[in-house]
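To be precise, the following lines are query.pdb, and they hold PDB, C-alpha atoms.
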```pdb
ATOM      1  CA  MET A  23     121.689 106.983 -67.869
ATOM      2  CA  LEU A  24     120.725 103.361 -67.749
ATOM      3  CA  ARG A  25     117.336 103.975 -66.261
ATOM      4  CA  ARG A  26     115.144 102.072 -68.650
ATOM      5  CA  GLY A  27     116.237  98.992 -70.543
ATOM      6  CA  GLY A  28     117.997  99.814 -73.783
ATOM      7  CA  GLU A  29     117.820 103.562 -73.242
ATOM      8  CA  GLY A  30     121.460 103.820 -72.178
ATOM      9  CA  LEU A  31     123.399 103.806 -75.396
ATOM     10  CA  ARG A  32     120.684 105.422 -77.478
ATOM     11  CA  LYS A  33     121.560 108.800 -75.985
ATOM     12  CA  ARG A  34     124.260 110.576 -77.902
ATOM     13  CA  THR A  35     126.245 111.674 -74.849
ATOM     14  CA  ASN A  36     126.523 108.074 -73.666
ATOM     15  CA  ARG A  37     127.788 106.973 -77.058
ATOM     16  CA  ILE A  38     130.324 109.807 -77.100
ATOM     17  CA  LEU A  39     131.501 108.884 -73.588
ATOM     18  CA  ALA A  40     131.949 105.242 -74.628
ATOM     19  CA  ALA A  41     133.835 106.382 -77.736
ATOM     20  CA  LEU A  42     136.091 108.633 -75.631
ATOM     21  CA  TYR A  43     136.838 105.777 -73.268
ATOM     22  CA  LEU A  44     137.807 103.496 -76.136
ATOM     23  CA  LEU A  45     139.821 106.280 -77.786
ATOM     24  CA  GLY A  46     141.824 106.693 -74.570
ATOM     25  CA  LEU A  47     142.539 102.966 -74.515
ATOM     26  CA  LEU A  48     143.569 103.062 -78.166
ATOM     27  CA  VAL A  49     145.985 105.929 -77.508
ATOM     28  CA  ILE A  50     147.573 103.962 -74.632
ATOM     29  CA  LEU A  51     147.825 100.835 -76.788
ATOM     30  CA  LEU A  52     149.352 102.635 -79.778
ATOM     31  CA  THR A  53     151.826 104.487 -77.532
ATOM     32  CA  MET A  54     152.963 101.184 -76.050
ATOM     33  CA  ILE A  55     153.350  99.579 -79.464
ATOM     34  CA  VAL A  56     155.444 102.534 -80.680
ATOM     35  CA  ILE A  57     157.642 102.295 -77.582
ATOM     36  CA  ARG A  58     158.074  98.548 -78.075
ATOM     37  CA  TYR A  59     159.172  99.015 -81.696
ATOM     38  CA  ARG A  60     161.620 101.773 -80.803
ATOM     39  CA  LEU A  61     162.955  99.730 -77.915
ATOM     40  CA  ASP A  62     163.498  96.731 -80.164
ATOM     41  CA  ALA A  63     165.446  98.965 -82.534
ATOM     42  CA  ILE A  64     167.997 100.048 -79.922
ATOM     43  CA  ILE A  65     168.336  96.863 -77.899
ATOM     44  CA  GLU A  66     171.062  94.499 -79.056
ATOM     45  CA  VAL A  67     171.325  91.014 -77.643
ATOM     46  CA  THR A  68     174.830  89.655 -77.804
ATOM     47  CA  ILE A  69     175.154  85.944 -78.334
TER      48      ILE A  69
ATOM     49  CA  MET B   9     122.660 138.589 -76.566
ATOM     50  CA  LYS B  10     119.876 140.156 -74.558
ATOM     51  CA  ARG B  11     118.467 136.719 -73.776
ATOM     52  CA  PHE B  12     121.905 135.590 -72.664
ATOM     53  CA  GLN B  13     122.106 138.609 -70.374
ATOM     54  CA  HIS B  14     118.743 137.623 -68.912
ATOM     55  CA  ALA B  15     119.858 134.029 -68.429
ATOM     56  CA  PHE B  16     123.081 135.226 -66.814
ATOM     57  CA  ARG B  17     121.262 137.626 -64.537
ATOM     58  CA  HIS B  18     118.921 134.813 -63.516
ATOM     59  CA  GLU B  19     121.869 132.594 -62.587
ATOM     60  CA  LEU B  20     123.505 135.505 -60.822
ATOM     61  CA  VAL B  21     120.447 136.090 -58.642
ATOM     62  CA  LEU B  22     120.204 132.362 -57.913
ATOM     63  CA  HIS B  23     123.837 131.832 -56.922
ATOM     64  CA  TRP B  24     125.261 135.222 -56.018
ATOM     65  CA  ARG B  25     124.435 135.177 -52.343
ATOM     66  CA  THR B  26     125.414 131.564 -51.695
ATOM     67  CA  MET B  27     128.671 131.979 -53.556
ATOM     68  CA  SER B  28     129.729 135.192 -51.859
ATOM     69  CA  VAL B  29     128.837 133.888 -48.396
ATOM     70  CA  THR B  30     130.689 130.602 -49.041
ATOM     71  CA  THR B  31     133.831 132.224 -50.449
ATOM     72  CA  LEU B  32     133.991 134.828 -47.684
ATOM     73  CA  ALA B  33     133.415 132.186 -45.020
ATOM     74  CA  VAL B  34     136.147 129.947 -46.401
ATOM     75  CA  ALA B  35     138.662 132.793 -46.756
ATOM     76  CA  GLY B  36     137.804 133.866 -43.204
ATOM     77  CA  ALA B  37     138.250 130.330 -41.910
ATOM     78  CA  VAL B  38     141.649 129.973 -43.611
ATOM     79  CA  MET B  39     142.652 133.333 -42.104
ATOM     80  CA  LEU B  40     141.544 132.329 -38.607
ATOM     81  CA  LEU B  41     143.410 129.020 -38.863
ATOM     82  CA  GLN B  42     146.579 130.964 -39.593
ATOM     83  CA  MET B  43     145.907 133.372 -36.733
ATOM     84  CA  VAL B  44     145.821 130.520 -34.232
ATOM     85  CA  ARG B  45     149.600 130.811 -34.269
ATOM     86  CA  TRP B  46     149.391 134.412 -33.087
ATOM     87  CA  TRP B  47     148.949 133.622 -29.407
ATOM     88  CA  ARG B  48     152.643 134.390 -28.839
ATOM     89  CA  GLY B  49     152.618 137.523 -30.938
ATOM     90  CA  PRO B  50     151.832 138.426 -34.569
ATOM     91  CA  LEU B  51     153.525 136.383 -37.291
ATOM     92  CA  ALA B  52     153.331 137.199 -40.988
ATOM     93  CA  PHE B  53     151.614 134.472 -43.037
ATOM     94  CA  ASN B  54     150.714 133.737 -46.622
ATOM     95  CA  LEU B  55     147.052 132.838 -47.158
ATOM     96  CA  TRP B  56     147.646 132.231 -50.858
ATOM     97  CA  ASN B  57     149.553 128.985 -50.204
ATOM     98  CA  GLY B  58     146.248 127.183 -49.786
ATOM     99  CA  PHE B  59     144.418 129.092 -52.507
ATOM    100  CA  GLY B  60     144.645 126.402 -55.212
ATOM    101  CA  LEU B  61     143.280 123.638 -52.990
ATOM    102  CA  VAL B  62     140.496 125.788 -51.541
ATOM    103  CA  THR B  63     139.467 126.933 -55.020
ATOM    104  CA  MET B  64     139.340 123.347 -56.227
ATOM    105  CA  VAL B  65     137.234 122.043 -53.331
ATOM    106  CA  ILE B  66     134.788 124.956 -53.115
ATOM    107  CA  GLY B  67     134.641 125.168 -56.905
ATOM    108  CA  ILE B  68     133.659 121.504 -57.171
ATOM    109  CA  ILE B  69     130.943 121.959 -54.551
ATOM    110  CA  ILE B  70     129.540 125.016 -56.340
ATOM    111  CA  THR B  71     129.842 123.492 -59.817
ATOM    112  CA  THR B  72     128.020 120.285 -58.883
ATOM    113  CA  GLY B  73     125.159 122.427 -57.598
ATOM    114  CA  MET B  74     124.866 124.386 -60.844
ATOM    115  CA  PHE B  75     122.174 122.127 -62.278
ATOM    116  CA  GLY B  76     120.474 121.678 -58.910
ATOM    117  CA  GLU B  77     117.197 122.774 -60.521
ATOM    118  CA  LEU B  78     117.108 119.529 -62.490
ATOM    119  CA  ARG B  79     116.767 117.587 -59.252
ATOM    120  CA  SER B  80     113.445 118.986 -58.094
ATOM    121  CA  PRO B  81     110.408 118.632 -60.372
ATOM    122  CA  GLY B  82     109.114 122.205 -59.955
ATOM    123  CA  SER B  83     112.322 124.102 -60.625
ATOM    124  CA  ARG B  84     113.251 121.581 -63.314
ATOM    125  CA  LEU B  85     110.224 122.646 -65.321
ATOM    126  CA  GLU B  86     111.013 126.287 -64.624
ATOM    127  CA  LEU B  87     114.587 125.858 -65.891
ATOM    128  CA  LEU B  88     113.516 124.009 -69.014
ATOM    129  CA  LEU B  89     110.814 126.560 -69.835
ATOM    130  CA  ARG B  90     113.047 129.587 -69.177
ATOM    131  CA  PRO B  91     113.064 131.654 -72.384
ATOM    132  CA  ALA B  92     116.662 131.130 -73.532
ATOM    133  CA  SER B  93     118.380 128.633 -75.818
ATOM    134  CA  VAL B  94     120.246 125.628 -74.438
ATOM    135  CA  LEU B  95     123.544 127.289 -75.298
ATOM    136  CA  GLU B  96     122.562 130.455 -73.434
ATOM    137  CA  LYS B  97     121.421 128.578 -70.334
ATOM    138  CA  VAL B  98     124.504 126.361 -70.197
ATOM    139  CA  GLY B  99     126.750 129.321 -71.058
ATOM    140  CA  ALA B 100     125.298 131.401 -68.228
ATOM    141  CA  LYS B 101     125.854 128.571 -65.761
ATOM    142  CA  LEU B 102     129.395 128.094 -67.030
ATOM    143  CA  LEU B 103     130.202 131.768 -66.675
ATOM    144  CA  VAL B 104     128.877 131.832 -63.116
ATOM    145  CA  SER B 105     130.779 128.712 -62.012
ATOM    146  CA  THR B 106     134.077 129.779 -63.605
ATOM    147  CA  VAL B 107     134.675 133.513 -64.028
ATOM    148  CA  LEU B 108     132.278 134.784 -61.373
ATOM    149  CA  PHE B 109     133.286 132.130 -58.835
ATOM    150  CA  MET B 110     136.966 132.798 -59.445
ATOM    151  CA  THR B 111     136.477 136.559 -59.104
ATOM    152  CA  LEU B 112     134.571 136.088 -55.857
ATOM    153  CA  ILE B 113     137.046 133.708 -54.258
ATOM    154  CA  THR B 114     140.021 135.847 -55.314
ATOM    155  CA  GLY B 115     138.252 138.909 -53.898
ATOM    156  CA  ALA B 116     137.488 137.067 -50.658
ATOM    157  CA  PHE B 117     141.119 135.984 -50.267
ATOM    158  CA  LEU B 118     142.317 139.489 -51.064
ATOM    159  CA  LEU B 119     139.982 140.879 -48.432
ATOM    160  CA  ALA B 120     141.135 138.296 -45.896
ATOM    161  CA  SER B 121     144.767 139.131 -46.689
ATOM    162  CA  LEU B 122     144.043 142.816 -46.192
ATOM    163  CA  VAL B 123     142.241 142.229 -42.887
ATOM    164  CA  SER B 124     145.095 139.980 -41.699
ATOM    165  CA  LEU B 125     147.630 142.644 -42.662
ATOM    166  CA  LEU B 126     145.700 145.347 -40.791
ATOM    167  CA  LEU B 127     145.383 143.184 -37.670
ATOM    168  CA  TYR B 128     149.073 142.312 -37.960
ATOM    169  CA  LEU B 129     150.000 146.000 -38.098
ATOM    170  CA  LEU B 130     147.639 146.812 -35.233
ATOM    171  CA  LEU B 131     149.248 144.149 -33.078
ATOM    172  CA  GLY B 132     152.672 145.640 -33.760
ATOM    173  CA  GLY B 133     153.987 143.348 -36.518
ATOM    174  CA  ARG B 134     156.337 145.123 -38.901
ATOM    175  CA  ALA B 135     158.292 142.468 -40.828
ATOM    176  CA  ASP B 136     157.407 140.684 -44.108
ATOM    177  CA  LEU B 137     154.362 142.791 -44.951
ATOM    178  CA  LEU B 138     154.374 141.654 -48.566
ATOM    179  CA  LEU B 139     154.106 138.002 -47.494
ATOM    180  CA  PHE B 140     150.385 138.580 -46.840
ATOM    181  CA  PHE B 141     149.956 139.088 -50.582
ATOM    182  CA  ASP B 142     152.048 136.104 -51.650
ATOM    183  CA  ASN B 143     155.078 138.408 -52.019
ATOM    184  CA  GLY B 144     153.123 140.426 -54.544
ATOM    185  CA  GLN B 145     152.424 137.308 -56.649
ATOM    186  CA  TRP B 146     148.796 136.797 -55.604
ATOM    187  CA  LEU B 147     147.448 137.500 -59.072
ATOM    188  CA  VAL B 148     149.816 134.952 -60.628
ATOM    189  CA  THR B 149     148.796 132.379 -57.990
ATOM    190  CA  ALA B 150     145.124 133.083 -58.655
ATOM    191  CA  GLY B 151     145.653 132.769 -62.414
ATOM    192  CA  ALA B 152     147.501 129.463 -62.067
ATOM    193  CA  ALA B 153     144.762 128.144 -59.761
ATOM    194  CA  PHE B 154     142.155 129.165 -62.355
ATOM    195  CA  PHE B 155     143.857 127.164 -65.106
ATOM    196  CA  ASP B 156     144.137 124.147 -62.802
ATOM    197  CA  TYR B 157     140.503 124.518 -61.820
ATOM    198  CA  LEU B 158     139.021 124.802 -65.325
ATOM    199  CA  PRO B 159     139.409 121.166 -66.515
ATOM    200  CA  VAL B 160     138.208 119.815 -63.156
ATOM    201  CA  GLN B 161     135.278 122.221 -63.305
ATOM    202  CA  ALA B 162     134.423 120.970 -66.798
ATOM    203  CA  VAL B 163     134.228 117.342 -65.622
ATOM    204  CA  PHE B 164     132.112 118.128 -62.559
ATOM    205  CA  PHE B 165     129.940 120.502 -64.573
ATOM    206  CA  PHE B 166     129.137 117.600 -66.867
ATOM    207  CA  GLY B 167     128.547 115.368 -63.822
ATOM    208  CA  SER B 168     126.086 117.925 -62.503
ATOM    209  CA  VAL B 169     123.913 117.695 -65.598
ATOM    210  CA  TYR B 170     124.490 113.956 -66.169
ATOM    211  CA  PHE B 171     123.760 112.491 -62.749
ATOM    212  CA  ARG B 172     120.376 113.149 -61.204
ATOM    213  CA  LYS B 173     121.346 112.139 -57.678
ATOM    214  CA  ASN B 174     124.533 112.926 -55.744
ATOM    215  CA  PRO B 175     126.414 114.391 -58.724
ATOM    216  CA  ALA B 176     129.642 115.145 -56.820
ATOM    217  CA  GLY B 177     130.038 111.626 -55.435
ATOM    218  CA  ARG B 178     129.011 109.908 -58.626
ATOM    219  CA  THR B 179     131.286 112.044 -60.818
ATOM    220  CA  LEU B 180     134.209 111.321 -58.531
ATOM    221  CA  LEU B 181     133.396 107.619 -58.527
ATOM    222  CA  ALA B 182     133.077 107.603 -62.325
ATOM    223  CA  MET B 183     136.476 109.320 -62.641
ATOM    224  CA  VAL B 184     138.077 106.844 -60.246
ATOM    225  CA  GLY B 185     136.526 103.951 -62.168
ATOM    226  CA  TRP B 186     137.655 105.365 -65.507
ATOM    227  CA  VAL B 187     141.248 105.886 -64.408
ATOM    228  CA  ALA B 188     141.450 102.621 -62.417
ATOM    229  CA  SER B 189     140.226 100.591 -65.387
ATOM    230  CA  TYR B 190     142.847 102.288 -67.591
ATOM    231  CA  LEU B 191     145.509 101.371 -65.049
ATOM    232  CA  VAL B 192     144.467  97.723 -64.881
ATOM    233  CA  LEU B 193     144.172  97.433 -68.664
ATOM    234  CA  SER B 194     147.514  99.232 -69.133
ATOM    235  CA  LEU B 195     149.187  96.738 -66.823
ATOM    236  CA  ALA B 196     147.748  93.871 -68.832
ATOM    237  CA  MET B 197     148.822  95.534 -72.098
ATOM    238  CA  THR B 198     152.319  96.131 -70.721
ATOM    239  CA  ARG B 199     152.700  92.445 -69.925
ATOM    240  CA  LEU B 200     151.550  91.517 -73.423
ATOM    241  CA  ILE B 201     153.384  94.119 -75.468
ATOM    242  CA  PHE B 202     156.630  94.137 -73.513
ATOM    243  CA  ALA B 203     156.539  90.399 -72.789
ATOM    244  CA  PRO B 204     160.244  89.600 -73.483
ATOM    245  CA  TYR B 205     161.389  92.616 -71.502
ATOM    246  CA  VAL B 206     159.115  91.843 -68.570
ATOM    247  CA  THR B 207     159.933  88.144 -68.420
ATOM    248  CA  GLY B 208     163.594  88.511 -69.410
ATOM    249  CA  ARG B 209     163.315  85.831 -72.104
ATOM    250  CA  TYR B 210     165.072  87.459 -75.059
ATOM    251  CA  ALA B 211     165.617  85.932 -78.447
ATOM    252  CA  GLY B 212     169.356  85.593 -77.783
ATOM    253  CA  LEU B 213     171.347  84.013 -75.024
ATOM    254  CA  GLY B 214     173.494  86.899 -73.904
ATOM    255  CA  ALA B 215     172.603  89.963 -71.899
ATOM    256  CA  PRO B 216     170.930  92.760 -73.810
ATOM    257  CA  ARG B 217     172.707  96.058 -74.422
ATOM    258  CA  ALA B 218     171.320  99.427 -75.386
ATOM    259  CA  LEU B 219     173.159 102.672 -76.160
ATOM    260  CA  GLY B 220     176.295 101.247 -74.688
ATOM    261  CA  PHE B 221     174.608 100.127 -71.445
ATOM    262  CA  GLN B 222     174.678  96.563 -70.296
ATOM    263  CA  LEU B 223     171.143  95.816 -69.117
ATOM    264  CA  ASP B 224     170.585  93.327 -66.361
ATOM    265  CA  ARG B 225     167.536  92.404 -64.353
ATOM    266  CA  ASN B 226     168.240  95.051 -61.771
ATOM    267  CA  SER B 227     168.882  98.020 -64.017
ATOM    268  CA  GLY B 228     165.323  98.181 -65.329
ATOM    269  CA  PHE B 229     165.029  98.292 -69.065
ATOM    270  CA  ILE B 230     163.326 101.615 -69.335
ATOM    271  CA  ALA B 231     164.220 103.343 -66.093
ATOM    272  CA  GLY B 232     167.215 105.120 -67.543
ATOM    273  CA  SER B 233     166.131 108.505 -68.839
ATOM    274  CA  ARG B 234     168.551 108.182 -71.771
ATOM    275  CA  ILE B 235     166.749 105.122 -73.052
ATOM    276  CA  TRP B 236     163.353 106.687 -72.359
ATOM    277  CA  ALA B 237     164.317 109.772 -74.374
ATOM    278  CA  HIS B 238     165.121 107.455 -77.287
ATOM    279  CA  VAL B 239     162.006 105.321 -77.255
ATOM    280  CA  ALA B 240     159.189 107.604 -76.078
ATOM    281  CA  PRO B 241     156.958 109.114 -78.762
ATOM    282  CA  GLY B 242     157.466 112.861 -79.193
ATOM    283  CA  PHE B 243     154.198 113.930 -77.593
ATOM    284  CA  LEU B 244     155.123 112.283 -74.273
ATOM    285  CA  LEU B 245     158.355 114.254 -74.138
ATOM    286  CA  SER B 246     156.780 117.644 -74.805
ATOM    287  CA  GLY B 247     156.046 118.083 -71.075
ATOM    288  CA  ARG B 248     154.303 121.413 -70.600
ATOM    289  CA  GLY B 249     152.783 121.385 -74.055
ATOM    290  CA  LEU B 250     151.190 117.990 -73.401
ATOM    291  CA  GLY B 251     149.707 119.209 -70.111
ATOM    292  CA  ILE B 252     148.150 122.252 -71.727
ATOM    293  CA  THR B 253     146.807 120.227 -74.673
ATOM    294  CA  VAL B 254     145.188 117.645 -72.369
ATOM    295  CA  ARG B 255     143.607 120.410 -70.283
ATOM    296  CA  VAL B 256     142.169 122.195 -73.300
ATOM    297  CA  LEU B 257     140.836 118.913 -74.733
ATOM    298  CA  VAL B 258     139.198 117.909 -71.419
ATOM    299  CA  LEU B 259     137.710 121.376 -71.098
ATOM    300  CA  LEU B 260     136.213 121.535 -74.588
ATOM    301  CA  THR B 261     135.022 117.908 -74.530
ATOM    302  CA  PHE B 262     133.205 118.102 -71.213
ATOM    303  CA  TRP B 263     131.719 121.537 -71.803
ATOM    304  CA  GLY B 264     130.484 120.276 -75.152
ATOM    305  CA  LEU B 265     129.091 117.111 -73.562
ATOM    306  CA  SER B 266     127.333 119.178 -70.879
ATOM    307  CA  PHE B 267     125.648 121.173 -73.618
ATOM    308  CA  LEU B 268     124.601 118.001 -75.448
ATOM    309  CA  ARG B 269     123.332 116.335 -72.297
ATOM    310  CA  PHE B 270     121.297 119.348 -71.292
ATOM    311  CA  ARG B 271     119.757 119.434 -74.756
ATOM    312  CA  GLU B 272     118.810 115.760 -74.365
ATOM    313  CA  THR B 273     117.232 116.565 -71.012
ATOM    314  CA  GLU B 274     115.171 119.297 -72.658
ATOM    315  CA  GLY B 275     114.105 116.973 -75.464
TER     316      GLY B 275
END
```

What does this structure look like when you write it as C-alpha cells?
Amino acid sequence: MLRRGGEGLRKRTNRILAALYLLGLLVILLTMIVIRYRLDAIIEVTI
Amino acid sequence: MKRFQHAFRHELVLHWRTMSVTTLAVAGAVMLLQMVRWWRGPLAFNLWNGFGLVTMVIGIIITTGMFGELRSPGSRLELLLRPASVLEKVGAKLLVSTVLFMTLITGAFLLASLVSLLLYLLLGGRADLLLFFDNGQWLVTAGAAFFDYLPVQAVFFFGSVYFRKNPAGRTLLAMVGWVASYLVLSLAMTRLIFAPYVTGRYAGLGAPRALGFQLDRNSGFIAGSRIWAHVAPGFLLSGRGLGITVRVLVLLTFWGLSFLRFRETEG
C-alpha cells in the first residue's frame, strides 16, 4: 500500500500486481494484432 | 499437520458461530420470501434458484472479514504471534471461507428446503414435491455455485489481507478500476490497430469482400460469426475451456498473492 513515500512498489505483491496488470494489457494487445493480421489475410478489396 | 489442525480449529472457533447463524438466517429469509405467496394456499417453490447469488454475496461478506484480526492492534498481534506458519494460517482461513462456508450454506438451504416441504405438506400441498430440492439437482446446483464462487472468493480474500480499511468496498472499487481501464485502453487500441476497418479508408477504392461476403458500412466487419471464426485466435474460440482456465489462473494467482501479502505483513 502506498502509505509511506516510496514504499509502494518495494513490496513484492505490489510489483506482481503491476506485472499482472501489464500482462493483461499485453494479452489484449497481442490478441488484437493477431486478429488484425488474420483479417487482412481474408479481406480482399476490389478495385 | 498438527499445527495446521490447531490453526484450523482456531479459525473454526472464531467463525463457526457467525457463519452458521448468517447462513441459517439467509436461508430462512429466502424461504420466508417465497412463502409470502402462500396466502392463497401452498405453492411449491424452488429455493435453489437463488442459491448462486446468495452464496456469492454472503461468501464475499464472510471472506472479506477473514483477516479482520489485522484491523485491530490487539488481535493483529495475536494473529501474527499464533504458533503456525504463514501457509498454515492462510490455509486455515482459506479452508474456512471456502469448504466450510459452502458446506454450511448448502446445509442451511437443504434445511430450509426440508422445512418448506414439511410446511407445504402440512398445509395440504401435494404436487411438485421434488421442486423443493431443485428437482433433485440441488447438489449439482451447489457444486456449480461453488465453482463460480471460488475465483471471486480468491480476489476478495486477497483484498481482505491487502486493504486495511473497508476491504470489501476497496476490492470492488479496485476490480472496477482494473476492468474499466482495460476497457478504455482496449477501445483506444481497437481504433489504432483496426484503423482502416474502423474509419472505412481501405487501401483500394472498391468495397471490401471477405469469404464471399460483400462488406459495407452497415454489415459490420467482424459481426458475422463466420468471419469471427476465421480471424479469432484459437484460445478465444475454446469457450468452456477458456472459462475454466481463467478461473483456475485467477484462483491460484490471488491465493498465492494473499499468502505473499500476509508474509509481508508478518515481516

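Rounded to one decimal, CA of Pro204 in chain B and CA of Val56 in chain A lie 15.6 Å from each other.
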
Neighbour list for range 84-97 of chain B as number ranges by chain, cut-off 8 Å, only C-alpha atoms, skip fewer than 4 positions in-chain: B: 11-12, 15-16, 77-80, 101, 267, 270-271, 274

Could you write out the selected residues, including C-alpha atoms, as a PDB file, keeping the file's coordinate frame?
```
ATOM      1  CA  ARG B  11     118.467 136.719 -73.776  1.00  0.00           C
ATOM      2  CA  PHE B  12     121.905 135.590 -72.664  1.00  0.00           C
ATOM      3  CA  ALA B  15     119.858 134.029 -68.429  1.00  0.00           C
ATOM      4  CA  PHE B  16     123.081 135.226 -66.814  1.00  0.00           C
ATOM      5  CA  GLU B  77     117.197 122.774 -60.521  1.00  0.00           C
ATOM      6  CA  LEU B  78     117.108 119.529 -62.490  1.00  0.00           C
ATOM      7  CA  ARG B  79     116.767 117.587 -59.252  1.00  0.00           C
ATOM      8  CA  SER B  80     113.445 118.986 -58.094  1.00  0.00           C
ATOM      9  CA  LYS B 101     125.854 128.571 -65.761  1.00  0.00           C
ATOM     10  CA  PHE B 267     125.648 121.173 -73.618  1.00  0.00           C
ATOM     11  CA  PHE B 270     121.297 119.348 -71.292  1.00  0.00           C
ATOM     12  CA  ARG B 271     119.757 119.434 -74.756  1.00  0.00           C
ATOM     13  CA  GLU B 274     115.171 119.297 -72.658  1.00  0.00           C
TER      14      GLU B 274
END
```

Need to verify the contact set: Gly46 in chain A, 12 Å, only C-alpha atoms, exclusion of same-chain residues closer than 3 positions in sequence. Can you return it as a PyMOL selection string? (chain A and resi 39-43+49-53) or (chain B and resi 186-187+189-191+193-194+254+258)

Could you expand the PyMOL selection byres ((chain A) within 9 of (chain B)) into the explicit residues it covers here, written as an mmCIF file with C-alpha atoms, in the frame of the given file?
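This went into part-v8.cif:
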```
data_model
loop_
_atom_site.group_PDB
_atom_site.id
_atom_site.type_symbol
_atom_site.label_atom_id
_atom_site.label_comp_id
_atom_site.auth_asym_id
_atom_site.auth_seq_id
_atom_site.Cartn_x
_atom_site.Cartn_y
_atom_site.Cartn_z
ATOM 1 C CA MET A 23 121.689 106.983 -67.869
ATOM 2 C CA LYS A 33 121.560 108.800 -75.985
ATOM 3 C CA ARG A 34 124.260 110.576 -77.902
ATOM 4 C CA THR A 35 126.245 111.674 -74.849
ATOM 5 C CA ASN A 36 126.523 108.074 -73.666
ATOM 6 C CA ILE A 38 130.324 109.807 -77.100
ATOM 7 C CA LEU A 39 131.501 108.884 -73.588
ATOM 8 C CA TYR A 43 136.838 105.777 -73.268
ATOM 9 C CA GLY A 46 141.824 106.693 -74.570
ATOM 10 C CA LEU A 47 142.539 102.966 -74.515
ATOM 11 C CA ILE A 50 147.573 103.962 -74.632
ATOM 12 C CA LEU A 51 147.825 100.835 -76.788
ATOM 13 C CA THR A 53 151.826 104.487 -77.532
ATOM 14 C CA MET A 54 152.963 101.184 -76.050
ATOM 15 C CA ILE A 55 153.350 99.579 -79.464
ATOM 16 C CA VAL A 56 155.444 102.534 -80.680
ATOM 17 C CA ILE A 57 157.642 102.295 -77.582
ATOM 18 C CA ARG A 58 158.074 98.548 -78.075
ATOM 19 C CA TYR A 59 159.172 99.015 -81.696
ATOM 20 C CA ARG A 60 161.620 101.773 -80.803
ATOM 21 C CA LEU A 61 162.955 99.730 -77.915
ATOM 22 C CA ALA A 63 165.446 98.965 -82.534
ATOM 23 C CA ILE A 64 167.997 100.048 -79.922
ATOM 24 C CA ILE A 65 168.336 96.863 -77.899
ATOM 25 C CA GLU A 66 171.062 94.499 -79.056
ATOM 26 C CA VAL A 67 171.325 91.014 -77.643
ATOM 27 C CA THR A 68 174.830 89.655 -77.804
ATOM 28 C CA ILE A 69 175.154 85.944 -78.334
#
```

Just the residues within 9 Å of range 17-29 of chain B, please, counting only C-alpha atoms, with nothing from its chain fewer than 3 positions along; format it as a ChimeraX atom specification. /B:12-14,32-34,70,74,97,100-101,104,108-109,112-113,116

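Across B:Thr253, B:Ser168, B:Ser121, B:Thr273, the tightest approach to Phe75 in chain B is made by B:Ser168 when counting all atoms listed in the file.
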
How far is it from CA of Ile252 in chain B to CA of Leu147 in chain B, in Å with one decimal?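 Atom-to-atom, CA of Ile252 in chain B and CA of Leu147 in chain B are spaced 19.8 Å apart.
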
Minimum-distance residue to Ala35 in chain B, chosen among B:Leu129, B:Met9, B:Leu118, B:Met64 (using all atoms listed in the file): B:Leu118

What does the distance from CA of Trp263 in chain B to CA of Ala176 in chain B come to in Å, to one decimal?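 Atom-to-atom, CA of Trp263 in chain B to CA of Ala176 in chain B, that is 16.4 Å.
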
For Leu257 in chain B, which of B:Met39, B:Ala150, B:Val163, B:Leu55 is the closest residue, counting all atoms listed in the file?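 Looking only at the distances to Leu257 in chain B, the closest residue turns out to be B:Val163.
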
Tell me which residues come within 8 Å of (131.2, 111.0, -64.1), as a list in words, counting only C-alpha atoms in the file's coordinates.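 Selection result: Val163, Phe164, Phe166, Gly167, Tyr170, Phe171, Pro175, Arg178, Thr179, Leu180, Leu181, Ala182 and Met183 of chain B.
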
Would you save the residues of that selection, restricted to C-alpha atoms, as a PDB file, in the frame of the given file?
```
ATOM      1  CA  VAL B 163     134.228 117.342 -65.622  1.00  0.00           C
ATOM      2  CA  PHE B 164     132.112 118.128 -62.559  1.00  0.00           C
ATOM      3  CA  PHE B 166     129.137 117.600 -66.867  1.00  0.00           C
ATOM      4  CA  GLY B 167     128.547 115.368 -63.822  1.00  0.00           C
ATOM      5  CA  TYR B 170     124.490 113.956 -66.169  1.00  0.00           C
ATOM      6  CA  PHE B 171     123.760 112.491 -62.749  1.00  0.00           C
ATOM      7  CA  PRO B 175     126.414 114.391 -58.724  1.00  0.00           C
ATOM      8  CA  ARG B 178     129.011 109.908 -58.626  1.00  0.00           C
ATOM      9  CA  THR B 179     131.286 112.044 -60.818  1.00  0.00           C
ATOM     10  CA  LEU B 180     134.209 111.321 -58.531  1.00  0.00           C
ATOM     11  CA  LEU B 181     133.396 107.619 -58.527  1.00  0.00           C
ATOM     12  CA  ALA B 182     133.077 107.603 -62.325  1.00  0.00           C
ATOM     13  CA  MET B 183     136.476 109.320 -62.641  1.00  0.00           C
TER      14      MET B 183
END
```

Enumerate, as JSON, numbers by chain, the residues matched when the PyMOL selection byres ((chain B and resi 46-49) around 9) is run on the file above. {"B": [42, 43, 44, 45, 50, 51, 131, 132, 133]}

Output C-alpha atoms for every residue in that selection, as a PDB file, keeping the file's coordinate frame.
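Final output, saved to result_30.pdb:
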```pdb
ATOM      1  CA  GLN B  42     146.579 130.964 -39.593  1.00  0.00           C
ATOM      2  CA  MET B  43     145.907 133.372 -36.733  1.00  0.00           C
ATOM      3  CA  VAL B  44     145.821 130.520 -34.232  1.00  0.00           C
ATOM      4  CA  ARG B  45     149.600 130.811 -34.269  1.00  0.00           C
ATOM      5  CA  PRO B  50     151.832 138.426 -34.569  1.00  0.00           C
ATOM      6  CA  LEU B  51     153.525 136.383 -37.291  1.00  0.00           C
ATOM      7  CA  LEU B 131     149.248 144.149 -33.078  1.00  0.00           C
ATOM      8  CA  GLY B 132     152.672 145.640 -33.760  1.00  0.00           C
ATOM      9  CA  GLY B 133     153.987 143.348 -36.518  1.00  0.00           C
TER      10      GLY B 133
END
```

Any idea what's packed within 12 Å of Asp156 in chain B, counting only C-alpha atoms, ignoring anything in its chain fewer than 4 positions away? Could you give it as a list in words? Phe59, Gly60, Leu61, Val62, Thr63, Met64, Val65, Gly67, Thr106, Met110, Thr149, Ala150, Gly151, Ala152, Val160, Gln161, Ala162, Gly251, Ile252, Val254, Arg255, Val256, Val258 and Leu259 of chain B

Output as JSON the centre and edge lengths (Å, one decimal) of the box along x, y and z of the file that holds every listed atom of range 31-45 of chain A after adding 8 Å on each side.
```
{"center_x": 130.3, "center_y": 107.6, "center_z": -75.6, "size_x": 35.1, "size_y": 24.2, "size_z": 20.6}
```
